[in-house]
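As stored in coords-v6.cif (mmCIF, C-alpha atoms):
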data_data
#
loop_
_atom_site.group_PDB
_atom_site.id
_atom_site.type_symbol
_atom_site.label_atom_id
_atom_site.label_comp_id
_atom_site.auth_asym_id
_atom_site.auth_seq_id
_atom_site.Cartn_x
_atom_site.Cartn_y
_atom_site.Cartn_z
ATOM 1 C CA MET A 1 -11.230 -19.069 115.553
ATOM 2 C CA SER A 2 -9.463 -22.378 116.271
ATOM 3 C CA ALA A 3 -5.681 -22.680 116.116
ATOM 4 C CA GLN A 4 -6.058 -25.253 113.315
ATOM 5 C CA THR A 5 -8.147 -22.875 111.145
ATOM 6 C CA ARG A 6 -5.724 -20.021 111.803
ATOM 7 C CA GLY A 7 -2.789 -22.262 110.845
ATOM 8 C CA SER A 8 -4.513 -23.241 107.603
ATOM 9 C CA GLU A 9 -5.200 -19.574 106.755
ATOM 10 C CA ASP A 10 -1.567 -18.689 107.466
ATOM 11 C CA GLU A 11 -0.475 -21.470 105.101
ATOM 12 C CA ASP A 12 -2.878 -20.174 102.435
ATOM 13 C CA ALA A 13 -1.556 -16.631 102.853
ATOM 14 C CA ALA A 14 2.042 -17.888 102.616
ATOM 15 C CA ALA A 15 1.208 -19.905 99.471
ATOM 16 C CA ASP A 16 -0.497 -16.802 98.038
ATOM 17 C CA ARG A 17 2.639 -14.702 98.579
ATOM 18 C CA GLU A 18 4.697 -17.274 96.625
ATOM 19 C CA ARG A 19 2.477 -17.078 93.558
ATOM 20 C CA ARG A 20 3.988 -15.274 90.598
ATOM 21 C CA PRO A 21 3.644 -12.797 88.958
ATOM 22 C CA ARG A 22 2.996 -10.463 91.890
ATOM 23 C CA SER A 23 1.444 -7.878 89.526
ATOM 24 C CA VAL A 24 -1.413 -10.385 89.078
ATOM 25 C CA TYR A 25 -1.615 -12.283 92.367
ATOM 26 C CA GLY A 26 -0.789 -9.278 94.547
ATOM 27 C CA VAL A 27 -4.158 -7.645 93.829
ATOM 28 C CA GLY A 28 -7.833 -8.431 94.379
ATOM 29 C CA ARG A 29 -9.311 -11.701 95.539
ATOM 30 C CA GLU A 30 -9.465 -15.238 94.243
ATOM 31 C CA PRO A 31 -11.735 -15.392 91.131
ATOM 32 C CA ASP A 32 -14.055 -18.198 90.134
ATOM 33 C CA VAL A 33 -11.853 -21.229 89.369
ATOM 34 C CA GLN A 34 -13.658 -21.975 86.102
ATOM 35 C CA SER A 35 -12.995 -18.444 84.820
ATOM 36 C CA SER A 36 -9.330 -18.756 85.749
ATOM 37 C CA LEU A 37 -9.010 -22.097 83.964
ATOM 38 C CA ALA A 38 -10.826 -20.691 80.924
ATOM 39 C CA ASN A 39 -8.293 -17.831 80.909
ATOM 40 C CA GLN A 40 -5.441 -20.390 80.841
ATOM 41 C CA ARG A 41 -7.062 -22.255 77.958
ATOM 42 C CA THR A 42 -7.532 -19.009 76.019
ATOM 43 C CA ALA A 43 -3.841 -18.129 76.450
ATOM 44 C CA LEU A 44 -2.886 -21.614 75.257
ATOM 45 C CA ALA A 45 -5.200 -21.246 72.241
ATOM 46 C CA TRP A 46 -3.328 -18.012 71.349
ATOM 47 C CA VAL A 47 -0.019 -19.881 71.654
ATOM 48 C CA ARG A 48 -1.306 -22.558 69.271
ATOM 49 C CA THR A 49 -2.444 -19.837 66.842
ATOM 50 C CA ALA A 50 1.089 -18.421 67.008
ATOM 51 C CA LEU A 51 2.469 -21.890 66.235
ATOM 52 C CA ALA A 52 0.148 -22.187 63.224
ATOM 53 C CA LEU A 53 1.491 -18.851 61.910
ATOM 54 C CA ILE A 54 5.083 -20.033 62.366
ATOM 55 C CA ALA A 55 4.391 -23.396 60.688
ATOM 56 C CA GLY A 56 2.745 -21.549 57.774
ATOM 57 C CA GLY A 57 5.733 -19.231 57.466
ATOM 58 C CA VAL A 58 8.247 -22.090 57.435
ATOM 59 C CA ALA A 59 6.109 -23.994 54.901
ATOM 60 C CA LEU A 60 6.133 -20.906 52.646
ATOM 61 C CA THR A 61 9.931 -20.634 52.980
ATOM 62 C CA THR A 62 10.281 -24.291 51.952
ATOM 63 C CA VAL A 63 7.908 -23.916 49.004
ATOM 64 C CA ALA A 64 9.580 -20.680 47.845
ATOM 65 C CA SER A 65 13.027 -22.307 47.942
ATOM 66 C CA SER A 66 11.963 -25.379 45.945
ATOM 67 C CA ALA A 67 10.794 -23.392 42.925
ATOM 68 C CA ASP A 68 11.509 -20.043 41.419
ATOM 69 C CA PHE A 69 8.748 -18.202 43.229
ATOM 70 C CA SER A 70 8.566 -14.487 43.858
ATOM 71 C CA VAL A 71 10.672 -12.931 46.638
ATOM 72 C CA LEU A 72 7.312 -11.789 47.988
ATOM 73 C CA LEU A 73 6.680 -15.334 49.306
ATOM 74 C CA ASP A 74 9.895 -15.227 51.319
ATOM 75 C CA ALA A 75 8.968 -11.818 52.720
ATOM 76 C CA VAL A 76 5.492 -13.059 53.743
ATOM 77 C CA ALA A 77 7.091 -16.143 55.339
ATOM 78 C CA VAL A 78 9.437 -13.987 57.425
ATOM 79 C CA LEU A 79 6.530 -11.755 58.502
ATOM 80 C CA ALA A 80 4.412 -14.784 59.482
ATOM 81 C CA CYS A 81 7.203 -16.222 61.644
ATOM 82 C CA LEU A 82 7.853 -12.848 63.278
ATOM 83 C CA GLY A 83 4.128 -12.367 63.866
ATOM 84 C CA GLY A 84 3.926 -15.818 65.454
ATOM 85 C CA ALA A 85 6.765 -15.023 67.857
ATOM 86 C CA ALA A 86 5.130 -11.694 68.802
ATOM 87 C CA LEU A 87 1.726 -13.353 69.256
ATOM 88 C CA ALA A 88 3.206 -15.961 71.626
ATOM 89 C CA ILE A 89 4.664 -13.231 73.840
ATOM 90 C CA SER A 90 1.469 -11.146 73.654
ATOM 91 C CA SER A 91 -0.512 -14.179 74.904
ATOM 92 C CA LEU A 92 1.372 -13.874 78.203
ATOM 93 C CA ALA A 93 0.451 -10.198 78.586
ATOM 94 C CA SER A 94 -3.126 -10.973 77.634
ATOM 95 C CA TRP A 95 -3.363 -13.790 80.221
ATOM 96 C CA ALA A 96 -1.994 -11.485 82.941
ATOM 97 C CA ALA A 97 -4.367 -8.609 82.059
ATOM 98 C CA THR A 98 -7.416 -10.905 82.055
ATOM 99 C CA GLU A 99 -6.435 -12.644 85.311
ATOM 100 C CA ARG A 100 -5.955 -9.241 86.954
ATOM 101 C CA ALA A 101 -9.364 -8.086 85.735
ATOM 102 C CA LEU A 102 -10.956 -11.303 87.072
ATOM 103 C CA ARG A 103 -9.327 -10.808 90.462
ATOM 104 C CA LEU A 104 -10.410 -7.151 90.652
ATOM 105 C CA ASP A 105 -13.900 -7.970 89.353
ATOM 106 C CA GLU A 106 -13.411 -5.495 86.495
ATOM 107 C CA PRO A 107 -14.606 -5.783 82.871
ATOM 108 C CA LEU A 108 -12.374 -8.106 80.850
ATOM 109 C CA PRO A 109 -9.851 -6.356 78.562
ATOM 110 C CA ARG A 110 -10.473 -6.562 74.823
ATOM 111 C CA PRO A 111 -8.275 -8.993 72.842
ATOM 112 C CA HIS A 112 -5.651 -6.567 71.446
ATOM 113 C CA ALA A 113 -4.043 -9.150 69.140
ATOM 114 C CA LEU A 114 -7.269 -10.144 67.381
ATOM 115 C CA PRO A 115 -7.683 -7.096 65.051
ATOM 116 C CA TRP A 116 -3.993 -7.360 64.059
ATOM 117 C CA LEU A 117 -4.315 -11.068 63.349
ATOM 118 C CA VAL A 118 -7.463 -10.664 61.257
ATOM 119 C CA GLY A 119 -6.084 -7.594 59.427
ATOM 120 C CA GLY A 120 -2.789 -9.363 58.736
ATOM 121 C CA ALA A 121 -4.510 -12.486 57.424
ATOM 122 C CA VAL A 122 -6.717 -10.401 55.094
ATOM 123 C CA VAL A 123 -3.786 -8.344 53.763
ATOM 124 C CA VAL A 124 -1.546 -11.407 53.235
ATOM 125 C CA GLY A 125 -4.426 -13.268 51.538
ATOM 126 C CA LEU A 126 -5.075 -10.346 49.191
ATOM 127 C CA VAL A 127 -1.376 -9.835 48.370
ATOM 128 C CA LEU A 128 -0.788 -13.539 47.674
ATOM 129 C CA GLY A 129 -4.028 -13.730 45.670
ATOM 130 C CA VAL A 130 -3.053 -10.755 43.477
ATOM 131 C CA ASN A 131 0.464 -12.198 43.119
ATOM 132 C CA ALA A 132 -0.986 -15.490 41.889
ATOM 133 C CA VAL A 133 -3.574 -14.011 39.532
ATOM 134 C CA LEU A 134 -1.466 -11.204 38.002
ATOM 135 C CA PRO A 135 0.784 -13.476 35.860
ATOM 136 C CA LEU A 136 -2.325 -15.239 34.487
ATOM 137 C CA VAL A 137 -3.897 -11.913 33.504
ATOM 138 C CA GLN A 138 -0.661 -10.690 31.863
ATOM 139 C CA ARG A 139 -0.437 -13.752 29.538
ATOM 140 C CA MET B 1 -17.019 -27.536 90.373
ATOM 141 C CA ARG B 2 -17.811 -30.678 88.416
ATOM 142 C CA PRO B 3 -14.854 -33.048 88.912
ATOM 143 C CA GLY B 4 -13.071 -34.092 85.743
ATOM 144 C CA GLY B 5 -14.567 -31.227 83.698
ATOM 145 C CA PRO B 6 -12.688 -27.927 83.274
ATOM 146 C CA PRO B 7 -9.459 -29.111 85.005
ATOM 147 C CA GLU B 8 -9.237 -32.083 82.671
ATOM 148 C CA ARG B 9 -10.010 -29.913 79.641
ATOM 149 C CA THR B 10 -7.267 -27.510 80.755
ATOM 150 C CA ALA B 11 -4.757 -30.341 81.266
ATOM 151 C CA LEU B 12 -5.520 -31.620 77.757
ATOM 152 C CA SER B 13 -5.129 -28.090 76.392
ATOM 153 C CA TRP B 14 -1.677 -27.893 77.998
ATOM 154 C CA GLN B 15 -0.662 -31.226 76.511
ATOM 155 C CA ARG B 16 -1.952 -30.235 73.071
ATOM 156 C CA SER B 17 0.016 -26.986 73.214
ATOM 157 C CA GLU B 18 3.266 -28.638 74.337
ATOM 158 C CA LEU B 19 2.993 -31.279 71.615
ATOM 159 C CA ALA B 20 2.222 -28.529 69.070
ATOM 160 C CA VAL B 21 5.440 -26.717 70.114
ATOM 161 C CA ALA B 22 7.349 -30.001 69.636
ATOM 162 C CA PHE B 23 5.727 -30.674 66.264
ATOM 163 C CA VAL B 24 6.360 -27.192 64.843
ATOM 164 C CA ALA B 25 9.939 -27.142 66.202
ATOM 165 C CA ALA B 26 10.552 -30.511 64.510
ATOM 166 C CA PHE B 27 9.081 -29.094 61.293
ATOM 167 C CA VAL B 28 11.464 -26.115 61.476
ATOM 168 C CA ALA B 29 14.368 -28.520 62.120
ATOM 169 C CA VAL B 30 13.497 -30.669 59.072
ATOM 170 C CA ALA B 31 13.018 -27.579 56.862
ATOM 171 C CA ALA B 32 16.365 -26.149 58.033
ATOM 172 C CA LEU B 33 18.094 -29.486 57.348
ATOM 173 C CA ARG B 34 16.570 -29.550 53.884
ATOM 174 C CA LEU B 35 17.749 -25.993 53.227
ATOM 175 C CA GLU B 36 21.169 -26.855 54.734
ATOM 176 C CA VAL B 37 21.106 -24.310 57.557
ATOM 177 C CA LEU B 38 22.539 -26.602 60.212
ATOM 178 C CA PRO B 39 22.688 -24.297 63.285
ATOM 179 C CA ILE B 40 18.944 -23.615 62.987
ATOM 180 C CA ALA B 41 18.241 -27.327 62.476
ATOM 181 C CA LEU B 42 20.208 -28.136 65.624
ATOM 182 C CA ALA B 43 18.553 -25.446 67.759
ATOM 183 C CA ALA B 44 15.040 -26.335 66.558
ATOM 184 C CA GLY B 45 15.764 -30.033 67.113
ATOM 185 C CA LEU B 46 16.768 -29.317 70.715
ATOM 186 C CA VAL B 47 13.552 -27.330 71.316
ATOM 187 C CA ALA B 48 11.522 -30.206 69.819
ATOM 188 C CA ILE B 49 13.196 -32.824 72.022
ATOM 189 C CA GLY B 50 12.734 -30.643 75.106
ATOM 190 C CA ALA B 51 9.055 -30.025 74.335
ATOM 191 C CA VAL B 52 8.370 -33.733 73.765
ATOM 192 C CA GLY B 53 10.127 -34.533 77.054
ATOM 193 C CA VAL B 54 8.038 -31.980 78.963
ATOM 194 C CA ALA B 55 4.769 -33.068 77.306
ATOM 195 C CA VAL B 56 5.317 -36.784 77.858
ATOM 196 C CA ALA B 57 7.147 -36.912 81.175
ATOM 197 C CA GLY B 58 5.767 -33.829 82.974
ATOM 198 C CA ARG B 59 2.793 -33.907 85.315
ATOM 199 C CA PRO B 60 -0.521 -32.735 83.889
ATOM 200 C CA ARG B 61 -0.740 -28.950 83.912
ATOM 201 C CA GLY B 62 -3.953 -27.246 85.025
ATOM 202 C CA VAL B 63 -4.290 -29.680 87.941
ATOM 203 C CA ARG B 64 -1.905 -30.427 90.803
ATOM 204 C CA HIS B 65 -2.438 -33.187 93.359
ATOM 205 C CA GLY B 66 -5.992 -33.505 92.069
ATOM 206 C CA GLN B 67 -6.611 -29.772 92.726
ATOM 207 C CA VAL B 68 -6.683 -26.852 90.308
ATOM 208 C CA ASP B 69 -3.168 -25.521 89.656
ATOM 209 C CA GLU B 70 -3.500 -21.901 90.704
ATOM 210 C CA ALA B 71 -0.108 -20.617 89.553
ATOM 211 C CA PRO B 72 0.311 -21.472 85.876
ATOM 212 C CA TRP B 73 2.621 -18.523 85.136
ATOM 213 C CA THR B 74 5.912 -20.454 84.976
ATOM 214 C CA TRP B 75 4.587 -23.085 82.581
ATOM 215 C CA LEU B 76 2.730 -20.522 80.497
ATOM 216 C CA ALA B 77 5.900 -18.430 80.219
ATOM 217 C CA ASN B 78 7.900 -21.545 79.255
ATOM 218 C CA VAL B 79 5.469 -22.501 76.482
ATOM 219 C CA ALA B 80 5.226 -18.915 75.177
ATOM 220 C CA VAL B 81 9.003 -18.395 75.207
ATOM 221 C CA ALA B 82 9.608 -21.775 73.482
ATOM 222 C CA THR B 83 7.082 -20.725 70.823
ATOM 223 C CA ALA B 84 8.781 -17.344 70.415
ATOM 224 C CA VAL B 85 12.169 -19.096 70.052
ATOM 225 C CA VAL B 86 10.734 -21.357 67.334
ATOM 226 C CA GLY B 87 9.317 -18.227 65.670
ATOM 227 C CA VAL B 88 12.708 -16.491 65.751
ATOM 228 C CA LEU B 89 14.359 -19.630 64.290
ATOM 229 C CA GLY B 90 11.732 -19.685 61.505
ATOM 230 C CA THR B 91 12.311 -15.979 60.877
ATOM 231 C CA THR B 92 16.080 -16.515 60.663
ATOM 232 C CA LEU B 93 15.567 -19.395 58.233
ATOM 233 C CA GLY B 94 13.366 -17.157 56.064
ATOM 234 C CA VAL B 95 15.922 -14.321 56.133
ATOM 235 C CA VAL B 96 18.743 -16.727 55.180
ATOM 236 C CA GLU B 97 16.689 -17.969 52.225
ATOM 237 C CA LEU B 98 15.835 -14.397 51.245
ATOM 238 C CA LEU B 99 19.534 -13.406 51.290
ATOM 239 C CA ARG B 100 20.476 -16.442 49.172
ATOM 240 C CA ARG B 101 18.293 -15.083 46.376
ATOM 241 C CA PHE B 102 20.398 -11.966 45.990
#

Could you write out this file's structure as structure tokens?
Amino acid sequence: MSAQTRGSEDEDAAADRERRPRSVYGVGREPDVQSSLANQRTALAWVRTALALIAGGVALTTVASSADFSVLLDAVAVLACLGGAALAISSLASWAATERALRLDEPLPRPHALPWLVGGAVVVGLVLGVNAVLPLVQR
Amino acid sequence: MRPGGPPERTALSWQRSELAVAFVAAFVAVAALRLEVLPIALAAGLVAIGAVGVAVAGRPRGVRHGQVDEAPWTWLANVAVATAVVGVLGTTLGVVELLRRF
């Protein structure tokens, strides 16, 4: 092995040691670059989903304050904003778990947030739907 | 890897996300101003200005010196934490409005 090649490998190893978090980059070997980039894009898509939840929550707060709507709207708005904040943080954990699995050549972890998001959207949709229809039925 | 493909898509995804943080933070700021909750308006406004600055002035994420950026953790954590902060501000705004009703 030439001195130049050895020097380059030493630099690579040093750069590898600087990469954070160590819980991800301290294990396994370098995965396929495309998979790693796709993992980044997936995490960013989760962050944007979280932002959509927050924007929806704030919009509900604004609407509820401008008219005499049910307190239920305010409660749903608070839950949506809280859910958005939690989803943003969970996207970090999800990115780390997937990157680790890619590096260790293990099966990818299932998306833990997805069932909660779908379940939450269904429940909120049903509650708001019933809340909107009930006064019409009672007339 | 095909040049200009996935790295470019990833860089665009970063930019989209940072601008989305700025947009939603600005929305929270305007809503808080409208509802006269000034501390939240101020905090959300600062997050929005910061996010616009990072999105416009920062180097493209996903690629570095024409190569794939292999350590996105810091930026990912920044974007996620900024989003969580905007979420907490939105939650506080909702709670303030809820309390005003009683």

Got a sec to pull out which chain A residues are within 8 Å of chain B, counting all atoms listed in the file, and send them as number ranges by chain?
A: 19-21, 33-34, 37-38, 40-41, 44-45, 47-48, 50-51, 54-55, 57-58, 61-62, 65, 71, 74-75, 77-79, 81-82, 84-86, 88-89, 91-92

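Pairwise distance (atom CA of Leu102 of chain A, atom CA of Ser23 of chain A) equals 13.1 Å.
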
Quick one: of A:Ala67, A:Val123, A:Leu114, A:Leu87, who's nearest to Leu53 of chain A, counting only C-alpha atoms?
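Between A:Ala67, A:Val123, A:Leu114, A:Leu87, the residue approaching Leu53 of chain A most closely is A:Leu87.
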
I'd like the interatomic distance between atom CA of Ala22 of chain B and atom CA of Trp75 of chain B, to a tenth of an Å.
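Computing it gives 14.9 Å between the two atoms.
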
Tell me, in Å to one decimal, how far atom CA of Val118 of chain A is from atom CA of Ala96 of chain A.
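Interatomic distance here is 22.4 Å.
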
Extending 4 Å beyond the listed atoms of segment 72-83 of chain A on each side, what axis-aligned box results? I want centre and edge lengths in Å to one decimal, as JSON.
{"center_x": 7.0, "center_y": -14.0, "center_z": 55.9, "size_x": 13.8, "size_y": 12.5, "size_z": 23.9}

Excluding same-chain residues fewer than 3 positions from Ser94 of chain A, what lies within 10 Å of it counting all atoms listed in the file, as a PyMOL selection string?
chain A and resi 39+42-43+46+87+89-91+97-100+109-113

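Distance check against Gly28 of chain A using all atoms listed in the file: of A:Pro135, A:Gly129, A:Gly56, A:Glu106, the minimum falls on A:Glu106.
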
Residue with the minimum atom-to-atom distance to Val130 of chain A, picked from A:Ser35, A:Thr49, A:Glu18, A:Leu72 with all atoms listed in the file counted, is A:Leu72
